[in-house]
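Undergrad: My structure is stored as structure.tsv, with TSV, N, CA and C atoms.
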```tsv
chain	number	residue	atom	x	y	z
D	48	MET	N	-32.49	5.88	-4.37
D	48	MET	CA	-31.97	4.53	-4.26
D	48	MET	C	-30.44	4.60	-4.16
D	49	VAL	N	-29.88	3.79	-3.27
D	49	VAL	CA	-28.43	3.73	-3.08
D	49	VAL	C	-27.85	2.72	-4.07
D	50	PRO	N	-26.85	3.12	-4.85
D	50	PRO	CA	-26.21	2.15	-5.75
D	50	PRO	C	-25.67	0.97	-4.96
D	51	SER	N	-25.76	-0.21	-5.53
D	51	SER	CA	-25.33	-1.42	-4.82
D	51	SER	C	-23.88	-1.35	-4.38
D	52	SER	N	-23.05	-0.61	-5.12
D	52	SER	CA	-21.64	-0.51	-4.74
D	52	SER	C	-21.45	0.31	-3.47
D	53	LEU	N	-22.48	1.07	-3.05
D	53	LEU	CA	-22.36	1.90	-1.85
D	53	LEU	C	-23.11	1.34	-0.66
D	54	GLU	N	-23.84	0.26	-0.85
D	54	GLU	CA	-24.57	-0.32	0.26
D	54	GLU	C	-23.61	-0.96	1.24
D	55	PRO	N	-23.96	-0.89	2.55
D	55	PRO	CA	-23.07	-1.50	3.55
D	55	PRO	C	-22.92	-3.00	3.30
D	56	THR	N	-21.76	-3.49	3.58
D	56	THR	CA	-21.52	-4.92	3.44
D	56	THR	C	-21.78	-5.61	4.76
D	57	ALA	N	-21.95	-6.90	4.71
D	57	ALA	CA	-22.24	-7.66	5.93
D	57	ALA	C	-21.03	-7.77	6.83
D	58	SER	N	-19.85	-7.70	6.26
D	58	SER	CA	-18.66	-7.83	7.09
D	58	SER	C	-17.72	-6.65	6.84
D	59	ILE	N	-17.03	-6.28	7.87
D	59	ILE	CA	-16.04	-5.20	7.77
D	59	ILE	C	-14.67	-5.86	7.72
D	60	SER	N	-13.84	-5.35	6.85
D	60	SER	CA	-12.51	-5.94	6.72
D	60	SER	C	-11.71	-5.76	8.01
D	61	ALA	N	-10.79	-6.65	8.21
D	61	ALA	CA	-9.91	-6.56	9.38
D	61	ALA	C	-9.08	-5.29	9.28
D	62	PRO	N	-8.81	-4.66	10.41
D	62	PRO	CA	-8.00	-3.44	10.37
D	62	PRO	C	-6.60	-3.74	9.83
D	63	PRO	N	-6.11	-2.91	8.94
D	63	PRO	CA	-4.78	-3.15	8.39
D	63	PRO	C	-3.69	-2.93	9.44
D	64	PRO	N	-2.68	-3.78	9.43
D	64	PRO	CA	-1.57	-3.62	10.39
D	64	PRO	C	-0.65	-2.47	9.97
D	65	ILE	N	-0.37	-1.59	10.91
D	65	ILE	CA	0.52	-0.47	10.62
D	65	ILE	C	1.75	-0.52	11.52
D	66	GLY	N	2.82	0.04	11.02
D	66	GLY	CA	4.04	0.22	11.79
D	66	GLY	C	4.19	1.70	12.09
D	67	VAL	N	4.49	2.02	13.34
D	67	VAL	CA	4.65	3.42	13.74
D	67	VAL	C	6.10	3.63	14.14
D	68	LEU	N	6.75	4.59	13.49
D	68	LEU	CA	8.16	4.90	13.78
D	68	LEU	C	8.22	6.18	14.58
D	69	ILE	N	8.92	6.12	15.71
D	69	ILE	CA	9.02	7.26	16.62
D	69	ILE	C	10.47	7.52	16.98
D	70	SER	N	10.72	8.72	17.50
D	70	SER	CA	12.05	9.05	18.02
D	70	SER	C	11.99	9.76	19.37
D	71	GLY	N	10.80	10.16	19.79
D	71	GLY	CA	10.72	10.98	21.00
D	71	GLY	C	9.62	10.57	21.95
D	72	ARG	N	8.83	11.58	22.37
D	72	ARG	CA	7.84	11.40	23.43
D	72	ARG	C	6.69	10.46	23.08
D	73	GLY	N	6.39	10.36	21.81
D	73	GLY	CA	5.28	9.50	21.40
D	73	GLY	C	3.94	10.19	21.37
D	74	SER	N	3.94	11.53	21.30
D	74	SER	CA	2.65	12.25	21.26
D	74	SER	C	1.89	11.95	19.97
D	75	ASN	N	2.58	11.81	18.86
D	75	ASN	CA	1.91	11.43	17.61
D	75	ASN	C	1.42	9.99	17.68
D	76	LEU	N	2.20	9.13	18.29
D	76	LEU	CA	1.77	7.75	18.52
D	76	LEU	C	0.49	7.74	19.33
D	77	GLN	N	0.44	8.56	20.39
D	77	GLN	CA	-0.76	8.63	21.22
D	77	GLN	C	-1.97	9.07	20.41
D	78	ALA	N	-1.77	10.03	19.53
D	78	ALA	CA	-2.88	10.49	18.68
D	78	ALA	C	-3.39	9.36	17.78
D	79	ILE	N	-2.48	8.55	17.27
D	79	ILE	CA	-2.88	7.40	16.44
D	79	ILE	C	-3.63	6.38	17.29
D	80	MET	N	-3.10	6.07	18.48
D	80	MET	CA	-3.77	5.11	19.36
D	80	MET	C	-5.17	5.60	19.73
D	81	THR	N	-5.30	6.89	20.03
D	81	THR	CA	-6.60	7.46	20.39
D	81	THR	C	-7.57	7.36	19.22
D	82	ALA	N	-7.10	7.70	18.02
D	82	ALA	CA	-7.96	7.62	16.83
D	82	ALA	C	-8.44	6.19	16.59
D	83	ILE	N	-7.58	5.21	16.82
D	83	ILE	CA	-7.97	3.81	16.68
D	83	ILE	C	-9.00	3.45	17.74
D	84	ASP	N	-8.72	3.81	19.00
D	84	ASP	CA	-9.63	3.50	20.11
D	84	ASP	C	-11.01	4.12	19.92
D	85	GLU	N	-11.05	5.31	19.35
D	85	GLU	CA	-12.32	6.02	19.15
D	85	GLU	C	-13.02	5.63	17.85
D	86	GLY	N	-12.40	4.74	17.07
D	86	GLY	CA	-13.01	4.28	15.84
D	86	GLY	C	-12.87	5.25	14.67
D	87	ARG	N	-12.02	6.25	14.81
D	87	ARG	CA	-11.80	7.21	13.73
D	87	ARG	C	-10.75	6.73	12.74
D	88	LEU	N	-9.96	5.75	13.14
D	88	LEU	CA	-8.93	5.18	12.28
D	88	LEU	C	-9.07	3.67	12.30
D	89	HIS	N	-9.35	3.11	11.14
D	89	HIS	CA	-9.51	1.66	11.00
D	89	HIS	C	-8.13	1.06	10.75
D	90	ALA	N	-7.44	0.73	11.83
D	90	ALA	CA	-6.08	0.19	11.73
D	90	ALA	C	-5.75	-0.54	13.02
D	91	ARG	N	-4.66	-1.30	12.96
D	91	ARG	CA	-4.12	-1.99	14.13
D	91	ARG	C	-2.62	-1.75	14.14
D	92	ILE	N	-2.10	-1.28	15.26
D	92	ILE	CA	-0.65	-1.05	15.35
D	92	ILE	C	0.03	-2.40	15.56
D	93	ALA	N	0.79	-2.81	14.56
D	93	ALA	CA	1.48	-4.10	14.61
D	93	ALA	C	2.82	-4.00	15.31
D	94	VAL	N	3.48	-2.84	15.18
D	94	VAL	CA	4.79	-2.66	15.80
D	94	VAL	C	5.08	-1.17	15.92
D	95	VAL	N	5.78	-0.82	16.99
D	95	VAL	CA	6.29	0.54	17.18
D	95	VAL	C	7.81	0.42	17.18
D	96	LEU	N	8.46	1.13	16.27
D	96	LEU	CA	9.91	1.10	16.16
D	96	LEU	C	10.48	2.47	16.48
D	97	SER	N	11.66	2.47	17.10
D	97	SER	CA	12.37	3.71	17.36
D	97	SER	C	13.84	3.51	17.06
D	98	ASN	N	14.49	4.59	16.68
D	98	ASN	CA	15.94	4.55	16.50
D	98	ASN	C	16.65	4.91	17.80
D	99	ARG	N	15.88	5.25	18.84
D	99	ARG	CA	16.47	5.64	20.12
D	99	ARG	C	15.88	4.81	21.25
D	100	ALA	N	16.75	4.11	21.98
D	100	ALA	CA	16.29	3.29	23.10
D	100	ALA	C	15.70	4.12	24.22
D	101	ASP	N	16.08	5.41	24.30
D	101	ASP	CA	15.57	6.26	25.37
D	101	ASP	C	14.34	7.07	24.96
D	102	ALA	N	13.74	6.76	23.83
D	102	ALA	CA	12.54	7.47	23.39
D	102	ALA	C	11.40	7.20	24.37
D	103	ALA	N	10.85	8.25	24.94
D	103	ALA	CA	9.79	8.11	25.94
D	103	ALA	C	8.55	7.43	25.36
D	104	GLY	N	8.35	7.56	24.07
D	104	GLY	CA	7.20	6.93	23.44
D	104	GLY	C	7.21	5.42	23.52
D	105	LEU	N	8.38	4.82	23.70
D	105	LEU	CA	8.45	3.36	23.83
D	105	LEU	C	7.73	2.89	25.09
D	106	ALA	N	7.87	3.65	26.18
D	106	ALA	CA	7.16	3.31	27.41
D	106	ALA	C	5.66	3.44	27.21
D	107	ARG	N	5.25	4.47	26.49
D	107	ARG	CA	3.82	4.67	26.18
D	107	ARG	C	3.28	3.48	25.39
D	108	ALA	N	4.05	3.04	24.41
D	108	ALA	CA	3.63	1.90	23.58
D	108	ALA	C	3.60	0.61	24.39
D	109	THR	N	4.61	0.40	25.21
D	109	THR	CA	4.66	-0.79	26.05
D	109	THR	C	3.48	-0.83	27.02
D	110	ALA	N	3.17	0.32	27.62
D	110	ALA	CA	2.04	0.41	28.55
D	110	ALA	C	0.72	0.08	27.86
D	111	ALA	N	0.65	0.35	26.56
D	111	ALA	CA	-0.56	0.06	25.79
D	111	ALA	C	-0.59	-1.39	25.29
D	112	GLY	N	0.46	-2.15	25.61
D	112	GLY	CA	0.52	-3.55	25.19
D	112	GLY	C	0.96	-3.76	23.76
D	113	LEU	N	1.60	-2.76	23.18
D	113	LEU	CA	2.05	-2.86	21.79
D	113	LEU	C	3.44	-3.50	21.70
D	114	VAL	N	3.72	-4.09	20.58
D	114	VAL	CA	5.04	-4.65	20.31
D	114	VAL	C	5.98	-3.49	20.00
D	115	VAL	N	7.11	-3.44	20.69
D	115	VAL	CA	8.08	-2.37	20.46
D	115	VAL	C	9.44	-2.96	20.14
D	116	ASP	N	10.23	-2.19	19.41
D	116	ASP	CA	11.59	-2.61	19.10
D	116	ASP	C	12.42	-1.37	18.83
D	117	VAL	N	13.71	-1.49	19.09
D	117	VAL	CA	14.65	-0.40	18.83
D	117	VAL	C	15.61	-0.86	17.74
D	118	VAL	N	15.75	-0.03	16.72
D	118	VAL	CA	16.73	-0.26	15.67
D	118	VAL	C	17.63	0.98	15.70
D	119	ASP	N	18.72	0.87	16.45
D	119	ASP	CA	19.61	2.01	16.69
D	119	ASP	C	20.47	2.28	15.46
D	120	HIS	N	20.29	3.45	14.89
D	120	HIS	CA	21.01	3.80	13.67
D	120	HIS	C	22.53	3.80	13.86
D	121	ARG	N	22.97	4.01	15.09
D	121	ARG	CA	24.42	4.04	15.35
D	121	ARG	C	25.07	2.66	15.26
D	122	ALA	N	24.24	1.63	15.25
D	122	ALA	CA	24.76	0.27	15.20
D	122	ALA	C	25.06	-0.20	13.77
D	123	PHE	N	24.84	0.67	12.80
D	123	PHE	CA	24.99	0.27	11.40
D	123	PHE	C	26.07	1.10	10.72
D	124	PRO	N	26.83	0.48	9.83
D	124	PRO	CA	27.93	1.21	9.18
D	124	PRO	C	27.46	2.26	8.17
D	125	SER	N	26.23	2.12	7.69
D	125	SER	CA	25.73	3.09	6.71
D	125	SER	C	24.24	3.32	6.90
D	126	ARG	N	23.77	4.42	6.35
D	126	ARG	CA	22.34	4.72	6.40
D	126	ARG	C	21.56	3.63	5.65
D	127	ALA	N	22.10	3.16	4.55
D	127	ALA	CA	21.42	2.11	3.77
D	127	ALA	C	21.25	0.84	4.60
D	128	ASP	N	22.27	0.47	5.37
D	128	ASP	CA	22.18	-0.72	6.23
D	128	ASP	C	21.12	-0.52	7.31
D	129	PHE	N	21.07	0.67	7.89
D	129	PHE	CA	20.06	1.00	8.90
D	129	PHE	C	18.66	0.90	8.30
D	130	GLU	N	18.48	1.51	7.14
D	130	GLU	CA	17.17	1.50	6.50
D	130	GLU	C	16.75	0.08	6.12
D	131	GLU	N	17.69	-0.75	5.71
D	131	GLU	CA	17.36	-2.14	5.39
D	131	GLU	C	16.93	-2.88	6.65
D	132	ALA	N	17.58	-2.62	7.78
D	132	ALA	CA	17.18	-3.26	9.04
D	132	ALA	C	15.77	-2.83	9.44
D	133	LEU	N	15.46	-1.55	9.27
D	133	LEU	CA	14.10	-1.06	9.56
D	133	LEU	C	13.09	-1.77	8.65
D	134	ALA	N	13.40	-1.81	7.37
D	134	ALA	CA	12.49	-2.44	6.41
D	134	ALA	C	12.27	-3.91	6.74
D	135	ARG	N	13.34	-4.59	7.12
D	135	ARG	CA	13.24	-6.01	7.48
D	135	ARG	C	12.30	-6.19	8.68
D	136	ARG	N	12.47	-5.33	9.69
D	136	ARG	CA	11.62	-5.43	10.89
D	136	ARG	C	10.15	-5.15	10.55
D	137	LEU	N	9.91	-4.19	9.67
D	137	LEU	CA	8.54	-3.88	9.26
D	137	LEU	C	7.94	-5.03	8.45
D	138	ARG	N	8.74	-5.66	7.61
D	138	ARG	CA	8.26	-6.83	6.85
D	138	ARG	C	7.91	-7.97	7.81
D	139	GLU	N	8.76	-8.17	8.82
D	139	GLU	CA	8.51	-9.23	9.80
D	139	GLU	C	7.18	-9.01	10.51
D	140	ALA	N	6.84	-7.76	10.76
D	140	ALA	CA	5.58	-7.42	11.44
D	140	ALA	C	4.40	-7.41	10.45
D	141	ARG	N	4.70	-7.59	9.17
D	141	ARG	CA	3.69	-7.68	8.11
D	141	ARG	C	2.81	-6.43	8.03
D	142	VAL	N	3.43	-5.27	8.19
D	142	VAL	CA	2.67	-4.03	8.12
D	142	VAL	C	2.32	-3.69	6.67
D	143	THR	N	1.21	-3.01	6.51
D	143	THR	CA	0.79	-2.57	5.18
D	143	THR	C	0.86	-1.05	5.04
D	144	LEU	N	1.12	-0.37	6.14
D	144	LEU	CA	1.25	1.08	6.13
D	144	LEU	C	2.27	1.48	7.19
D	145	ILE	N	3.11	2.44	6.86
D	145	ILE	CA	4.12	2.94	7.80
D	145	ILE	C	3.77	4.37	8.15
D	146	CYS	N	3.71	4.67	9.45
D	146	CYS	CA	3.43	6.02	9.93
D	146	CYS	C	4.70	6.59	10.55
D	147	LEU	N	5.21	7.67	9.97
D	147	LEU	CA	6.37	8.35	10.54
D	147	LEU	C	5.84	9.36	11.54
D	148	ALA	N	5.80	8.96	12.80
D	148	ALA	CA	5.18	9.75	13.87
D	148	ALA	C	6.26	10.44	14.69
D	149	GLY	N	6.87	11.46	14.10
D	149	GLY	CA	7.95	12.15	14.78
D	149	GLY	C	9.28	11.45	14.64
D	150	PHE	N	9.37	10.55	13.70
D	150	PHE	CA	10.61	9.81	13.47
D	150	PHE	C	11.64	10.74	12.87
D	151	MET	N	12.80	10.82	13.50
D	151	MET	CA	13.80	11.82	13.11
D	151	MET	C	14.95	11.24	12.29
D	152	ARG	N	14.82	10.08	11.72
D	152	ARG	CA	15.88	9.49	10.92
D	152	ARG	C	15.39	9.32	9.53
```
Please, can you express the file's structure as structure tokens?

TA:
Amino acid sequence: MVPSSLEPTASISAPPPIGVLISGRGSNLQAIMTAIDEGRLHARIAVVLSNRADAAGLARATAAGLVVDVVDHRAFPSRADFEEALARRLREARVTLICLAGFMR
């Protein structure tokens, strides 16, 4: 007999929104997108952020229809200010998990 706590439920929770931070080609982002598409990862990418406007992974994310944004670290007087801007953007996207997918900052 299966304990009632282990029996399948009638509804599956909505996939949690995640934020993916990248700095380069986006190969780790692609692995996350593939895992979601194949049902191996129960998540939804809410936003893809990069500290580099020329990160090739941004094009990959845009092509997939994902929300993308650049938070250029050079635009901030301090690392703390940059990190606060990143945190603010992630809060705005209401993410519950942050994936550092090759993020170099």

Undergrad: Within 5 Å of (-0.9, -2.9, 3.9) (coordinates as in the file), grab all the protein and nucleic acid residues, counting only N, CA and C atoms, and write them out as a PDB file with N, CA and C atoms, keeping the file's coordinate frame.

TA:
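Resulting contents of part-v9.pdb:
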```pdb
ATOM      1  N   VAL D 142       3.430  -5.270   8.190  1.00  0.00           N
ATOM      2  CA  VAL D 142       2.670  -4.030   8.120  1.00  0.00           C
ATOM      3  C   VAL D 142       2.320  -3.690   6.670  1.00  0.00           C
ATOM      4  N   THR D 143       1.210  -3.010   6.510  1.00  0.00           N
ATOM      5  CA  THR D 143       0.790  -2.570   5.180  1.00  0.00           C
ATOM      6  C   THR D 143       0.860  -1.050   5.040  1.00  0.00           C
ATOM      7  N   LEU D 144       1.120  -0.370   6.140  1.00  0.00           N
ATOM      8  CA  LEU D 144       1.250   1.080   6.130  1.00  0.00           C
ATOM      9  C   LEU D 144       2.270   1.480   7.190  1.00  0.00           C
TER      10      LEU D 144
END
```

Undergrad: What does the structure give for the distance between CA of Glu130 (chain D) and CA of Ser97 (chain D), in Å to one decimal?

TA: 12.1 Å

Undergrad: Could you check the closest approach to Met151 (chain D) for each of D:Arg136, D:Arg126, D:His89, D:Arg99 and tell me which residue wins, using only C-alpha atoms?

TA: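 The answer is D:Arg99, which sits nearest to Met151 (chain D).
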
Undergrad: Would you mind writing down, as number ranges by chain, each residue of chain D that DSSP on the backbone assigns to alpha helix (DSSP H)?

TA: D: 74-84, 103-110, 126-139

Undergrad: Go ahead and save the picked residues with N, CA and C atoms, as an mmCIF file, in the frame of the given file.

TA:
```
data_model
loop_
_atom_site.group_PDB
_atom_site.id
_atom_site.type_symbol
_atom_site.label_atom_id
_atom_site.label_comp_id
_atom_site.auth_asym_id
_atom_site.auth_seq_id
_atom_site.Cartn_x
_atom_site.Cartn_y
_atom_site.Cartn_z
ATOM 1 N N SER D 74 3.940 11.530 21.300
ATOM 2 C CA SER D 74 2.650 12.250 21.260
ATOM 3 C C SER D 74 1.890 11.950 19.970
ATOM 4 N N ASN D 75 2.580 11.810 18.860
ATOM 5 C CA ASN D 75 1.910 11.430 17.610
ATOM 6 C C ASN D 75 1.420 9.990 17.680
ATOM 7 N N LEU D 76 2.200 9.130 18.290
ATOM 8 C CA LEU D 76 1.770 7.750 18.520
ATOM 9 C C LEU D 76 0.490 7.740 19.330
ATOM 10 N N GLN D 77 0.440 8.560 20.390
ATOM 11 C CA GLN D 77 -0.760 8.630 21.220
ATOM 12 C C GLN D 77 -1.970 9.070 20.410
ATOM 13 N N ALA D 78 -1.770 10.030 19.530
ATOM 14 C CA ALA D 78 -2.880 10.490 18.680
ATOM 15 C C ALA D 78 -3.390 9.360 17.780
ATOM 16 N N ILE D 79 -2.480 8.550 17.270
ATOM 17 C CA ILE D 79 -2.880 7.400 16.440
ATOM 18 C C ILE D 79 -3.630 6.380 17.290
ATOM 19 N N MET D 80 -3.100 6.070 18.480
ATOM 20 C CA MET D 80 -3.770 5.110 19.360
ATOM 21 C C MET D 80 -5.170 5.600 19.730
ATOM 22 N N THR D 81 -5.300 6.890 20.030
ATOM 23 C CA THR D 81 -6.600 7.460 20.390
ATOM 24 C C THR D 81 -7.570 7.360 19.220
ATOM 25 N N ALA D 82 -7.100 7.700 18.020
ATOM 26 C CA ALA D 82 -7.960 7.620 16.830
ATOM 27 C C ALA D 82 -8.440 6.190 16.590
ATOM 28 N N ILE D 83 -7.580 5.210 16.820
ATOM 29 C CA ILE D 83 -7.970 3.810 16.680
ATOM 30 C C ILE D 83 -9.000 3.450 17.740
ATOM 31 N N ASP D 84 -8.720 3.810 19.000
ATOM 32 C CA ASP D 84 -9.630 3.500 20.110
ATOM 33 C C ASP D 84 -11.010 4.120 19.920
ATOM 34 N N ALA D 103 10.850 8.250 24.940
ATOM 35 C CA ALA D 103 9.790 8.110 25.940
ATOM 36 C C ALA D 103 8.550 7.430 25.360
ATOM 37 N N GLY D 104 8.350 7.560 24.070
ATOM 38 C CA GLY D 104 7.200 6.930 23.440
ATOM 39 C C GLY D 104 7.210 5.420 23.520
ATOM 40 N N LEU D 105 8.380 4.820 23.700
ATOM 41 C CA LEU D 105 8.450 3.360 23.830
ATOM 42 C C LEU D 105 7.730 2.890 25.090
ATOM 43 N N ALA D 106 7.870 3.650 26.180
ATOM 44 C CA ALA D 106 7.160 3.310 27.410
ATOM 45 C C ALA D 106 5.660 3.440 27.210
ATOM 46 N N ARG D 107 5.250 4.470 26.490
ATOM 47 C CA ARG D 107 3.820 4.670 26.180
ATOM 48 C C ARG D 107 3.280 3.480 25.390
ATOM 49 N N ALA D 108 4.050 3.040 24.410
ATOM 50 C CA ALA D 108 3.630 1.900 23.580
ATOM 51 C C ALA D 108 3.600 0.610 24.390
ATOM 52 N N THR D 109 4.610 0.400 25.210
ATOM 53 C CA THR D 109 4.660 -0.790 26.050
ATOM 54 C C THR D 109 3.480 -0.830 27.020
ATOM 55 N N ALA D 110 3.170 0.320 27.620
ATOM 56 C CA ALA D 110 2.040 0.410 28.550
ATOM 57 C C ALA D 110 0.720 0.080 27.860
ATOM 58 N N ARG D 126 23.770 4.420 6.350
ATOM 59 C CA ARG D 126 22.340 4.720 6.400
ATOM 60 C C ARG D 126 21.560 3.630 5.650
ATOM 61 N N ALA D 127 22.100 3.160 4.550
ATOM 62 C CA ALA D 127 21.420 2.110 3.770
ATOM 63 C C ALA D 127 21.250 0.840 4.600
ATOM 64 N N ASP D 128 22.270 0.470 5.370
ATOM 65 C CA ASP D 128 22.180 -0.720 6.230
ATOM 66 C C ASP D 128 21.120 -0.520 7.310
ATOM 67 N N PHE D 129 21.070 0.670 7.890
ATOM 68 C CA PHE D 129 20.060 1.000 8.900
ATOM 69 C C PHE D 129 18.660 0.900 8.300
ATOM 70 N N GLU D 130 18.480 1.510 7.140
ATOM 71 C CA GLU D 130 17.170 1.500 6.500
ATOM 72 C C GLU D 130 16.750 0.080 6.120
ATOM 73 N N GLU D 131 17.690 -0.750 5.710
ATOM 74 C CA GLU D 131 17.360 -2.140 5.390
ATOM 75 C C GLU D 131 16.930 -2.880 6.650
ATOM 76 N N ALA D 132 17.580 -2.620 7.780
ATOM 77 C CA ALA D 132 17.180 -3.260 9.040
ATOM 78 C C ALA D 132 15.770 -2.830 9.440
ATOM 79 N N LEU D 133 15.460 -1.550 9.270
ATOM 80 C CA LEU D 133 14.100 -1.060 9.560
ATOM 81 C C LEU D 133 13.090 -1.770 8.650
ATOM 82 N N ALA D 134 13.400 -1.810 7.370
ATOM 83 C CA ALA D 134 12.490 -2.440 6.410
ATOM 84 C C ALA D 134 12.270 -3.910 6.740
ATOM 85 N N ARG D 135 13.340 -4.590 7.120
ATOM 86 C CA ARG D 135 13.240 -6.010 7.480
ATOM 87 C C ARG D 135 12.300 -6.190 8.680
ATOM 88 N N ARG D 136 12.470 -5.330 9.690
ATOM 89 C CA ARG D 136 11.620 -5.430 10.890
ATOM 90 C C ARG D 136 10.150 -5.150 10.550
ATOM 91 N N LEU D 137 9.910 -4.190 9.670
ATOM 92 C CA LEU D 137 8.540 -3.880 9.260
ATOM 93 C C LEU D 137 7.940 -5.030 8.450
ATOM 94 N N ARG D 138 8.740 -5.660 7.610
ATOM 95 C CA ARG D 138 8.260 -6.830 6.850
ATOM 96 C C ARG D 138 7.910 -7.970 7.810
ATOM 97 N N GLU D 139 8.760 -8.170 8.820
ATOM 98 C CA GLU D 139 8.510 -9.230 9.800
ATOM 99 C C GLU D 139 7.180 -9.010 10.510
#
```

Undergrad: Between CA of Arg121 (chain D) and atom C of Ser70 (chain D), measure the distance and give it in Å to one decimal.

TA: 14.3 Å

Undergrad: Which residue is closest to Ala134 (chain D)? Choose from D:Gly66, D:Gly73, D:Gly104, D:Gly149 and count only C-alpha atoms.

TA: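 Distance minimum relative to Ala134 (chain D) lands on D:Gly66.
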
Undergrad: How far is it from atom N of Val115 (chain D) to CA of Ile83 (chain D), in Å with one decimal?

TA: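 These atoms are spaced 17.2 Å apart.
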
Undergrad: Give me the residues near Val95 (chain D) as a list in words, where near means some atom within 10 Å (using only C-alpha atoms) and where sequence neighbours in that chain fewer than 2 positions away do not count.

TA: Ile65, Gly66, Val67, Leu68, Ile69, Gly73, Leu76, Ile92, Ala93, Ser97, Gly104, Leu105, Ala108, Thr109, Leu113, Val114, Val115, Asp116, Val117, Leu137, Ala140, Ile145, Cys146 and Ala148 of chain D

Undergrad: Hey, which of D:Ala90, D:Phe150, D:Ala132, D:Ala61 ends up closest to Asn75 (chain D)? Count only C-alpha atoms.

TA: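 For Asn75 (chain D), the nearest of the given residues is D:Phe150.
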
Undergrad: I need the residues in region 59-127 of chain D that are strand (DSSP E) according to DSSP; give them as a PDB file with N, CA and C atoms, in the coordinates of the input.

TA:
```pdb
ATOM      1  N   PRO D  64      -2.680  -3.780   9.430  1.00  0.00           N
ATOM      2  CA  PRO D  64      -1.570  -3.620  10.390  1.00  0.00           C
ATOM      3  C   PRO D  64      -0.650  -2.470   9.970  1.00  0.00           C
ATOM      4  N   ILE D  65      -0.370  -1.590  10.910  1.00  0.00           N
ATOM      5  CA  ILE D  65       0.520  -0.470  10.620  1.00  0.00           C
ATOM      6  C   ILE D  65       1.750  -0.520  11.520  1.00  0.00           C
ATOM      7  N   GLY D  66       2.820   0.040  11.020  1.00  0.00           N
ATOM      8  CA  GLY D  66       4.040   0.220  11.790  1.00  0.00           C
ATOM      9  C   GLY D  66       4.190   1.700  12.090  1.00  0.00           C
ATOM     10  N   VAL D  67       4.490   2.020  13.340  1.00  0.00           N
ATOM     11  CA  VAL D  67       4.650   3.420  13.740  1.00  0.00           C
ATOM     12  C   VAL D  67       6.100   3.630  14.140  1.00  0.00           C
ATOM     13  N   LEU D  68       6.750   4.590  13.490  1.00  0.00           N
ATOM     14  CA  LEU D  68       8.160   4.900  13.780  1.00  0.00           C
ATOM     15  C   LEU D  68       8.220   6.180  14.580  1.00  0.00           C
ATOM     16  N   ILE D  69       8.920   6.120  15.710  1.00  0.00           N
ATOM     17  CA  ILE D  69       9.020   7.260  16.620  1.00  0.00           C
ATOM     18  C   ILE D  69      10.470   7.520  16.980  1.00  0.00           C
ATOM     19  N   ARG D  91      -4.660  -1.300  12.960  1.00  0.00           N
ATOM     20  CA  ARG D  91      -4.120  -1.990  14.130  1.00  0.00           C
ATOM     21  C   ARG D  91      -2.620  -1.750  14.140  1.00  0.00           C
ATOM     22  N   ILE D  92      -2.100  -1.280  15.260  1.00  0.00           N
ATOM     23  CA  ILE D  92      -0.650  -1.050  15.350  1.00  0.00           C
ATOM     24  C   ILE D  92       0.030  -2.400  15.560  1.00  0.00           C
ATOM     25  N   ALA D  93       0.790  -2.810  14.560  1.00  0.00           N
ATOM     26  CA  ALA D  93       1.480  -4.100  14.610  1.00  0.00           C
ATOM     27  C   ALA D  93       2.820  -4.000  15.310  1.00  0.00           C
ATOM     28  N   VAL D  94       3.480  -2.840  15.180  1.00  0.00           N
ATOM     29  CA  VAL D  94       4.790  -2.660  15.800  1.00  0.00           C
ATOM     30  C   VAL D  94       5.080  -1.170  15.920  1.00  0.00           C
ATOM     31  N   VAL D  95       5.780  -0.820  16.990  1.00  0.00           N
ATOM     32  CA  VAL D  95       6.290   0.540  17.180  1.00  0.00           C
ATOM     33  C   VAL D  95       7.810   0.420  17.180  1.00  0.00           C
ATOM     34  N   LEU D  96       8.460   1.130  16.270  1.00  0.00           N
ATOM     35  CA  LEU D  96       9.910   1.100  16.160  1.00  0.00           C
ATOM     36  C   LEU D  96      10.480   2.470  16.480  1.00  0.00           C
ATOM     37  N   SER D  97      11.660   2.470  17.100  1.00  0.00           N
ATOM     38  CA  SER D  97      12.370   3.710  17.360  1.00  0.00           C
ATOM     39  C   SER D  97      13.840   3.510  17.060  1.00  0.00           C
ATOM     40  N   VAL D 115       7.110  -3.440  20.690  1.00  0.00           N
ATOM     41  CA  VAL D 115       8.080  -2.370  20.460  1.00  0.00           C
ATOM     42  C   VAL D 115       9.440  -2.960  20.140  1.00  0.00           C
ATOM     43  N   ASP D 116      10.230  -2.190  19.410  1.00  0.00           N
ATOM     44  CA  ASP D 116      11.590  -2.610  19.100  1.00  0.00           C
ATOM     45  C   ASP D 116      12.420  -1.370  18.830  1.00  0.00           C
ATOM     46  N   VAL D 117      13.710  -1.490  19.090  1.00  0.00           N
ATOM     47  CA  VAL D 117      14.650  -0.400  18.830  1.00  0.00           C
ATOM     48  C   VAL D 117      15.610  -0.860  17.740  1.00  0.00           C
TER      49      VAL D 117
END
```
